[in-house]
Each structure stands twice: as C-alpha cells, then as structure tokens.
Amino acid sequence: MLNCLAEEAKLTGVQREVPKAWYDLPTYYRGNTSTVVGHDAEIRRPSFGERLDFELEIGCVIGRPGRDIAEADALDHVFGYTIFNDVSARAMQNRMMPVGMGPGKGKDFDTGNVLGPWIVTADEIGDPQTLNLTARVNGERWGGGSEPGMYFTWAQVISFVSQAETLEAGEVFGSGTVGTGCGYEHGRYLEDGDVVELEADRIGVLRNKVVR
C-alpha cells in the first residue's frame, strides 16, 4: 500500500497519507471464490478492464479449522502456501475506492483471482516471509522482492480474522502486494496477449496469458 500511494501521487498529483487504522489492524476484504482460476488459465479482460494489472502476492492456505485462534497457535492452522495473482482493473478500482467499501468490481470479475502452480506444505516452505518473489511480463522483469515488507505477520492476520469467526480448511489469505510487484507502481499495465509470470522460491512459477 505504501508504494502504491507513492505511485498514485506521482501519476495523479494527489497526495494521500496512509490511514492510521492501517497500522492498527490487519484490514482486509473478501474475494469472490467463484472467480478463482489456476496455472496456465487465461485471464479474461473484463469489459471495464482499462489499466488491467497484476499483483504479486503469497497465498496462505488454511488446513485446520479454528475460531478465536491465539496468535501463538495460528501457524498450526496453516496447510501451506502458494502464489496469488490478485488481478485488478485499476480504472474501476479507482472509481470505487472513494466510496470506502473496498475495491469492489475493480477486483470482482471472472478469472480475477489466480492461484498456483502448487500448494507447497508449510513444513517445506519454512518462514514464508523470507521467500524471494519476482514478476515478469513477456519475459521482462517488472518487479519483485520478498515478504519482510508485510507489516503484520501471518500469525497476526490469522488470529485477527478468526476472532468470533470460524476459519475453514481451504480458505486462502493473500499477503498483500510485494513492493514493486504490480504494474501500477511502474505506470505500466497489461496488454492483450501479455504473459504474466509470478515466481516464488520453493513454490515455482505461476503463468497466465491475458486475453480479450
């Protein structure tokens, strides 16, 4: 979010501070599970898909149900990790965000959530916040980094979301975009025919093609 606000200021001239609440709680929104696709699936540009973008994230997959999970026990509920491409229609997202109810249709469309190429079990990953991540478009590196930039740990996120709510096996949490891991931060967007490759240590490469 910090990098995205800086890029927004550069592109639009609008300066916005990160809300204090962002540092107080691991704020999140719900994705649409019916829009999930996998490795080598086509990303279908929606009719409102101007400035279509990718977001390089790690997905954390819950393996054991729980409610009111203590932070110290939270990672015991993780089955494994995967790569998550949180596809975003930036023009629509920018129209909806000022309402204050989240990105809405900017992230809610068929093929807008991509997971893969594998789910690697937690014991094989070790500390997911040490993974090196890279984003490429048509073979050209667009960005990447690692997960130490996460302000909240996975344990904090899982514990918070589980307050007064049962988490079920199979639920997936996104890490949030790795710094420089989206086109928005570079003022570049996806064209029809582009091939997006998101790579993570110990997981592999998630590859998808953008189609009209």
# chains A, B, ... in the order shown; residues from 1 in each chain; ligands from 1
$ residues_around --residues "stretch 181-197 of chain A" --least-positions-apart "5" --cutoff "9 Å" --atoms "only C-alpha atoms" --output "ChimeraX atom specification"
/A:3-8,11,45,50-57,90,133-139,142-145,205-212
$ residues_around --residues "A:Gly106" --least-positions-apart "5" --cutoff "10 Å" --atoms "only C-alpha atoms" --output "PyMOL selection string"
chain A and resi 46+48-49+52+87-97+112
$ residues_around --residues "stretch 59-64 of chain A" --least-positions-apart "6" --cutoff "10 Å" --atoms "only C-alpha atoms" --output "PyMOL selection string"
chain A and resi 74-86+114-116+119-122+128+154+158+167-176
$ atom_distance --atom1 "atom CA of A:Trp118" --atom2 "atom CA of A:Ala72"
26.7 Å
$ select_by_dssp --residues "stretch 1-122 of chain A" --states "strand (DSSP E)" --output "VMD selection string"
chain A and resid 36 to 37 42 to 44 52 to 53 56 to 62 78 to 86 88 to 89 113 to 121
$ closest_atom_pairs --of "stretch 106-195 of chain A" --to "stretch 17-41 of chain A" --cutoff "8 Å" --atoms "only C-alpha atoms" --output "tab-separated table"
residue	atom	partner	partner_atom	distance
A:Lys107	CA	A:Gly31	CA	7.8
A:Asp108	CA	A:Asn32	CA	6.4
A:Phe109	CA	A:Thr35	CA	6.3
A:Asp110	CA	A:Thr35	CA	4.5
A:Thr111	CA	A:Thr35	CA	5.1
A:Gly112	CA	A:Thr35	CA	5.9
A:Asn113	CA	A:Val36	CA	4.6
A:Val114	CA	A:Val37	CA	4.9
A:Leu115	CA	A:Gly38	CA	5.1
A:Gly116	CA	A:His39	CA	5.4
A:Pro117	CA	A:His39	CA	5.1
A:Tyr151	CA	A:Tyr23	CA	7.7
A:Phe152	CA	A:Pro26	CA	6.5
A:Gln156	CA	A:Pro26	CA	7.8
A:Val157	CA	A:Pro26	CA	6.0
A:Phe160	CA	A:Pro26	CA	7.4
$ write_last_selection --atoms "C-alpha atoms" --output "CSV table (one decimal), in the first residue's frame"
chain,number,residue,atom,x,y,z
A,107,LYS,CA,-11.2,-7.0,-8.3
A,108,ASP,CA,-14.5,-8.9,-8.7
A,109,PHE,CA,-14.7,-10.5,-12.2
A,110,ASP,CA,-14.2,-13.9,-13.7
A,111,THR,CA,-10.5,-15.1,-13.7
A,112,GLY,CA,-9.6,-12.2,-11.4
A,113,ASN,CA,-8.1,-14.4,-8.7
A,114,VAL,CA,-5.3,-16.8,-9.8
A,115,LEU,CA,-3.6,-19.4,-7.5
A,116,GLY,CA,-0.8,-21.8,-8.3
A,117,PRO,CA,1.1,-23.5,-9.7
A,151,TYR,CA,3.6,-5.1,8.4
A,152,PHE,CA,1.6,-7.8,10.1
A,156,GLN,CA,-1.3,-11.9,13.5
A,157,VAL,CA,-3.5,-12.0,10.4
A,160,PHE,CA,-7.3,-11.4,13.9
$ select_by_dssp --residues "stretch 4-205 of chain A" --states "alpha helix (DSSP H)" --output "ChimeraX atom specification"
/A:4-12,21-24,90-96,122-125,154-161
$ atom_distance --atom1 "atom CA of A:Ile69" --atom2 "atom CA of A:Thr130"
23.8 Å
$ closest_residue --among "A:Val161, A:Arg141, A:Thr180, A:Asn132" --to "A:Glu71" --atoms "only C-alpha atoms"
A:Val161
$ atom_distance --atom1 "atom CA of A:Glu199" --atom2 "atom CA of A:Ala155"
23.4 Å
